[in-house]
Amino acid sequence: MTPHSYDVIVIGAGAAGMMCGITAAAQGRNTLVLEHNESIGRKILISGGGRCNFTNTHASPENFLTQNTDFPKSALARYSPQDFIDLVKKHRIPFHEKKLGQLFCDRSARDIVQMLLDEARAAGVTLMTGVQVKEVHKTDAFQVATSAGLLESASLVVACGGLSIPKIGATDLAYRIARKFEMPLLPTRPGLVGLRFDAGTRETFCALSGVSLPVEASCGRARFAEQALITHKGLSGPAILQISSYANREQPVQLNLLPQLDVRHWLMSDTKTPLAKRLAQVFPTRFAEVWSAAYAPARPLSQCSKEEVDGVIRNLEAWAPAFPETDGYAKAEVTLGGVDTRSLHSKTMESRSVPGLYFIGECVDVTGWLGGYNFQWAWASGYAAGLAA
């Protein structure tokens, strides 16, 4: 059986895969994009609460986690947030900045998906959805065995994402293909994900589910000042999602619960009022009551020892509840780790050991902060591979 032949096959029709396919086809390459879901861009559609936080105007290499810190520089420099903003404007999609450079659609994430479909159609991309990839081999060309038959290409781009949010179709296919071609993989774990309390802390605090407060979350040198949200199982919210990507067994996650105050000065300015009442001036009342009952003497500070006062201050400035686990891939926005970037050319995303094989997007060991950075990596890495492939 003679396989259908293409110049470029892209596996995965998410943000990175579609950008790659559009870019390759625009160079005159006969390009096929394969998607195992029945429609493209499912992660795009659920992102940003359905509004798609499609980039961040501040995106730079410093906003990404990777074992190889120089690797993202080339792709991010060659396709900037402004390049994607220009594309959005070309399609007359209304958008706004929410905060901190985060750009969202005014109407719906569907506008971004439709833009990608329109661009693909204009460039001449062949798009096949509902197609399962079974096997990938390489002889003179790449052979891709699928549920739609045997396909062949000179270049193969792997853009099928990581393990996060399996309910919308996430699989380990990218890593299986990497292993097939003996590409080195770094350990994966959930990123931008909620943290779960240990059993005792959960019992104390999770009755407060839904309460949020501004904190500064830190782990080692990483720190983020944003909201934290108490959930039924632990903590979530922007500050927690951000710091979760840096969390490790060696260093605890710490929360400054009053980042806006000089805590010692504020506490010692009134040592006669019971602490729960003092904290209710700056915290939601229920949180103030529960937290002070768990971490502070019932007496006013004027009746406490120096060690007791220091303990209260330490817990307010660096609260470090145990987080033995996360909410896992089911709730994680991204997957950390993946294809080791030292095995890829940073300018093209091509494998150093397998000519014509490319890895882009989330399956690569490059993970952005919360706030549009991972979409910018998808656009930039997809563009780099599309030009090269």
# chains A, B, ... in the order shown; residues from 1 in each chain; ligands from 1
$ closest_atom_pairs --of "region 167-194 of chain A" --to "region 21-42 of chain A" --cutoff "10 Å" --atoms "only C-alpha atoms" --output "tab-separated table"
residue	atom	partner	partner_atom	distance
A:Ile168	CA	A:Arg42	CA	6.6
A:Gly169	CA	A:Asn37	CA	6.8
A:Ala170	CA	A:Asn37	CA	9.8
$ write_last_selection --atoms "N, CA, C and O atoms" --output "PDB file, in the first residue's frame"
ATOM      1  N   ILE A 168      -9.427  16.299  28.234  1.00  0.00           N
ATOM      2  CA  ILE A 168      -9.568  16.900  26.902  1.00  0.00           C
ATOM      3  C   ILE A 168      -8.617  16.244  25.903  1.00  0.00           C
ATOM      4  O   ILE A 168      -8.371  16.784  24.823  1.00  0.00           O
ATOM      5  N   GLY A 169      -8.087  15.076  26.273  1.00  0.00           N
ATOM      6  CA  GLY A 169      -7.346  14.298  25.282  1.00  0.00           C
ATOM      7  C   GLY A 169      -5.848  14.206  25.464  1.00  0.00           C
ATOM      8  O   GLY A 169      -5.158  13.669  24.591  1.00  0.00           O
ATOM      9  N   ALA A 170      -5.297  14.721  26.568  1.00  0.00           N
ATOM     10  CA  ALA A 170      -3.847  14.644  26.765  1.00  0.00           C
ATOM     11  C   ALA A 170      -3.395  13.190  26.871  1.00  0.00           C
ATOM     12  O   ALA A 170      -4.041  12.372  27.525  1.00  0.00           O
TER      13      ALA A 170
END
$ select_by_dssp --residues "region 229-361 of chain A" --states "alpha helix (DSSP H)" --output "MDAnalysis selection string"
chainID A and resid 238:244 263:268 275:279 285:295 306:317
$ closest_residue --among "A:Gly191, A:Pro166, A:Gly161, A:Pro184" --to "Glu325 (chain A)" --atoms "only C-alpha atoms"
A:Gly191
$ closest_residue --among "A:Ala15, A:Val131, A:Val263, A:Val136" --to "Arg179 (chain A)" --atoms "only C-alpha atoms"
A:Val136
$ residues_around --residues "Arg264 (chain A)" --least-positions-apart "4" --cutoff "10 Å" --atoms "only C-alpha atoms" --output "ChimeraX atom specification"
/A:268-269,309-310,312-314,316-317
$ closest_atom_pairs --of "region 219-336 of chain A" --to "region 57-81 of chain A" --cutoff "9 Å" --atoms "only C-alpha atoms" --output "tab-separated table"
residue	atom	partner	partner_atom	distance
A:Ser245	CA	A:Leu65	CA	8.1
A:Tyr246	CA	A:Leu65	CA	8.4
A:Leu336	CA	A:Leu65	CA	8.1
$ write_last_selection --atoms "N, CA and C atoms" --output "PDB file, in the first residue's frame"
ATOM      1  N   SER A 245       5.081  25.385  40.315  1.00  0.00           N
ATOM      2  CA  SER A 245       6.054  24.938  39.314  1.00  0.00           C
ATOM      3  C   SER A 245       7.470  24.898  39.884  1.00  0.00           C
ATOM      4  N   TYR A 246       7.697  25.641  40.974  1.00  0.00           N
ATOM      5  CA  TYR A 246       9.018  25.685  41.596  1.00  0.00           C
ATOM      6  C   TYR A 246       9.120  24.790  42.826  1.00  0.00           C
ATOM      7  N   LEU A 336       5.554  19.978  33.431  1.00  0.00           N
ATOM      8  CA  LEU A 336       6.972  20.327  33.536  1.00  0.00           C
ATOM      9  C   LEU A 336       7.817  19.155  33.061  1.00  0.00           C
TER      10      LEU A 336
END
$ residues_around --residues "Leu163 (chain A)" --least-positions-apart "4" --cutoff "8 Å" --atoms "only C-alpha atoms" --output "PDB file with all heavy atoms, in the first residue's frame"
ATOM      1  N   ALA A 170      -5.297  14.721  26.568  1.00  0.00           N
ATOM      2  CA  ALA A 170      -3.847  14.644  26.765  1.00  0.00           C
ATOM      3  C   ALA A 170      -3.395  13.190  26.871  1.00  0.00           C
ATOM      4  O   ALA A 170      -4.041  12.372  27.525  1.00  0.00           O
ATOM      5  CB  ALA A 170      -3.446  15.399  28.022  1.00  0.00           C
ATOM      6  N   THR A 171      -2.284  12.869  26.203  1.00  0.00           N
ATOM      7  CA  THR A 171      -1.703  11.522  26.246  1.00  0.00           C
ATOM      8  C   THR A 171      -0.185  11.641  26.349  1.00  0.00           C
ATOM      9  O   THR A 171       0.374  12.744  26.296  1.00  0.00           O
ATOM     10  CB  THR A 171      -2.046  10.709  24.984  1.00  0.00           C
ATOM     11  OG1 THR A 171      -1.261  11.220  23.879  1.00  0.00           O
ATOM     12  CG2 THR A 171      -3.522  10.783  24.645  1.00  0.00           C
ATOM     13  N   ASP A 172       0.477  10.507  26.433  1.00  0.00           N
ATOM     14  CA  ASP A 172       1.947  10.490  26.489  1.00  0.00           C
ATOM     15  C   ASP A 172       2.564  10.237  25.115  1.00  0.00           C
ATOM     16  O   ASP A 172       3.733   9.856  25.025  1.00  0.00           O
ATOM     17  CB  ASP A 172       2.415   9.435  27.487  1.00  0.00           C
ATOM     18  CG  ASP A 172       2.087   8.012  27.036  1.00  0.00           C
ATOM     19  OD1 ASP A 172       1.268   7.848  26.100  1.00  0.00           O
ATOM     20  OD2 ASP A 172       2.637   7.061  27.618  1.00  0.00           O
ATOM     21  N   PRO A 190       3.282  17.629  37.239  1.00  0.00           N
ATOM     22  CA  PRO A 190       2.282  18.676  36.984  1.00  0.00           C
ATOM     23  C   PRO A 190       2.820  20.062  37.344  1.00  0.00           C
ATOM     24  O   PRO A 190       3.508  20.226  38.355  1.00  0.00           O
ATOM     25  CB  PRO A 190       1.116  18.291  37.910  1.00  0.00           C
ATOM     26  CG  PRO A 190       1.359  16.861  38.297  1.00  0.00           C
ATOM     27  CD  PRO A 190       2.839  16.684  38.265  1.00  0.00           C
ATOM     28  N   TYR A 329      -2.170  15.878  37.385  1.00  0.00           N
ATOM     29  CA  TYR A 329      -2.321  16.237  35.966  1.00  0.00           C
ATOM     30  C   TYR A 329      -3.770  16.578  35.601  1.00  0.00           C
ATOM     31  O   TYR A 329      -4.006  17.342  34.666  1.00  0.00           O
ATOM     32  CB  TYR A 329      -1.834  15.100  35.074  1.00  0.00           C
ATOM     33  CG  TYR A 329      -0.340  14.901  35.080  1.00  0.00           C
ATOM     34  CD1 TYR A 329       0.226  13.726  35.557  1.00  0.00           C
ATOM     35  CD2 TYR A 329       0.513  15.892  34.604  1.00  0.00           C
ATOM     36  CE1 TYR A 329       1.602  13.536  35.562  1.00  0.00           C
ATOM     37  CE2 TYR A 329       1.886  15.719  34.604  1.00  0.00           C
ATOM     38  CZ  TYR A 329       2.426  14.542  35.085  1.00  0.00           C
ATOM     39  OH  TYR A 329       3.788  14.364  35.093  1.00  0.00           O
ATOM     40  N   VAL A 334      -0.182  22.805  32.945  1.00  0.00           N
ATOM     41  CA  VAL A 334       0.958  22.448  32.093  1.00  0.00           C
ATOM     42  C   VAL A 334       1.688  21.239  32.661  1.00  0.00           C
ATOM     43  O   VAL A 334       1.449  20.827  33.795  1.00  0.00           O
ATOM     44  CB  VAL A 334       1.969  23.617  31.955  1.00  0.00           C
ATOM     45  CG1 VAL A 334       1.372  24.771  31.174  1.00  0.00           C
ATOM     46  CG2 VAL A 334       2.445  24.076  33.330  1.00  0.00           C
ATOM     47  N   THR A 335       2.594  20.695  31.853  1.00  0.00           N
ATOM     48  CA  THR A 335       3.466  19.603  32.274  1.00  0.00           C
ATOM     49  C   THR A 335       4.904  20.095  32.282  1.00  0.00           C
ATOM     50  O   THR A 335       5.400  20.591  31.264  1.00  0.00           O
ATOM     51  CB  THR A 335       3.347  18.409  31.308  1.00  0.00           C
ATOM     52  OG1 THR A 335       1.980  17.993  31.234  1.00  0.00           O
ATOM     53  CG2 THR A 335       4.205  17.247  31.771  1.00  0.00           C
TER      54      THR A 335
END
$ atom_distance --atom1 "CA of Leu257 (chain A)" --atom2 "CA of Pro324 (chain A)"
20.4 Å
$ atom_distance --atom1 "CA of Asp365 (chain A)" --atom2 "CA of Phe323 (chain A)"
24.0 Å
$ closest_residue --among "A:Lys277, A:Arg107, A:His137, A:Arg249" --to "Cys219 (chain A)" --atoms "only C-alpha atoms"
A:Arg249
$ closest_residue --among "A:Ser218, A:Gln242, A:Gln102, A:Ser147" --to "Met128 (chain A)" --atoms "only C-alpha atoms"
A:Ser147
$ residues_around --residues "Ala293 (chain A)" --least-positions-apart "6" --cutoff "10 Å" --atoms "only C-alpha atoms" --output "compact mmCIF listing (two decimals) with all heavy atoms, in the first residue's frame"
# COMPACT_ATOMS: atom_id res chain seq x y z
N THR A 204 -8.31 21.40 59.43
CA THR A 204 -8.40 22.72 60.08
C THR A 204 -8.93 23.79 59.13
O THR A 204 -9.79 24.59 59.50
CB THR A 204 -7.01 23.15 60.60
OG1 THR A 204 -6.54 22.17 61.52
CG2 THR A 204 -7.08 24.50 61.29
N LEU A 275 -5.55 38.54 69.38
CA LEU A 275 -4.96 38.43 68.04
C LEU A 275 -6.01 38.15 66.97
O LEU A 275 -5.92 38.68 65.85
CB LEU A 275 -3.88 37.35 68.03
CG LEU A 275 -3.03 37.31 66.76
CD1 LEU A 275 -2.31 38.63 66.53
CD2 LEU A 275 -2.02 36.16 66.83
N ALA A 276 -7.00 37.31 67.26
CA ALA A 276 -8.02 37.02 66.26
C ALA A 276 -8.72 38.29 65.80
O ALA A 276 -9.04 38.46 64.62
CB ALA A 276 -9.04 36.02 66.81
N PHE A 287 -11.12 33.34 58.28
CA PHE A 287 -9.72 32.92 58.20
C PHE A 287 -8.96 33.39 59.42
O PHE A 287 -8.16 32.65 60.00
CB PHE A 287 -9.07 33.46 56.93
CG PHE A 287 -7.63 33.04 56.77
CD1 PHE A 287 -7.31 31.80 56.23
CD2 PHE A 287 -6.59 33.87 57.19
CE1 PHE A 287 -5.99 31.40 56.11
CE2 PHE A 287 -5.27 33.47 57.07
CZ PHE A 287 -4.97 32.23 56.54
$ atom_distance --atom1 "CA of Lys272 (chain A)" --atom2 "CA of Gln303 (chain A)"
8.1 Å
$ residues_around --residues "Val88 (chain A)" --least-positions-apart "4" --cutoff "10 Å" --atoms "only C-alpha atoms" --output "VMD selection string"
chain A and resid 54 82 to 84 92 to 95 105 111 to 112 115 to 116
$ write_last_selection --atoms "C-alpha atoms" --output "CSV table (one decimal), in the first residue's frame"
chain,number,residue,atom,x,y,z
A,54,PHE,CA,-3.3,34.1,24.3
A,82,GLN,CA,3.8,41.6,19.2
A,83,ASP,CA,3.9,39.3,16.2
A,84,PHE,CA,1.0,37.3,17.6
A,92,ARG,CA,-10.1,42.0,13.9
A,93,ILE,CA,-10.4,40.0,17.2
A,94,PRO,CA,-11.2,42.4,20.1
A,95,PHE,CA,-9.0,41.8,23.1
A,105,CYS,CA,-10.1,37.8,24.0
A,111,ASP,CA,-12.0,33.6,18.0
A,112,ILE,CA,-8.4,32.3,18.3
A,115,MET,CA,-8.3,32.5,13.4
A,116,LEU,CA,-6.0,29.5,13.3
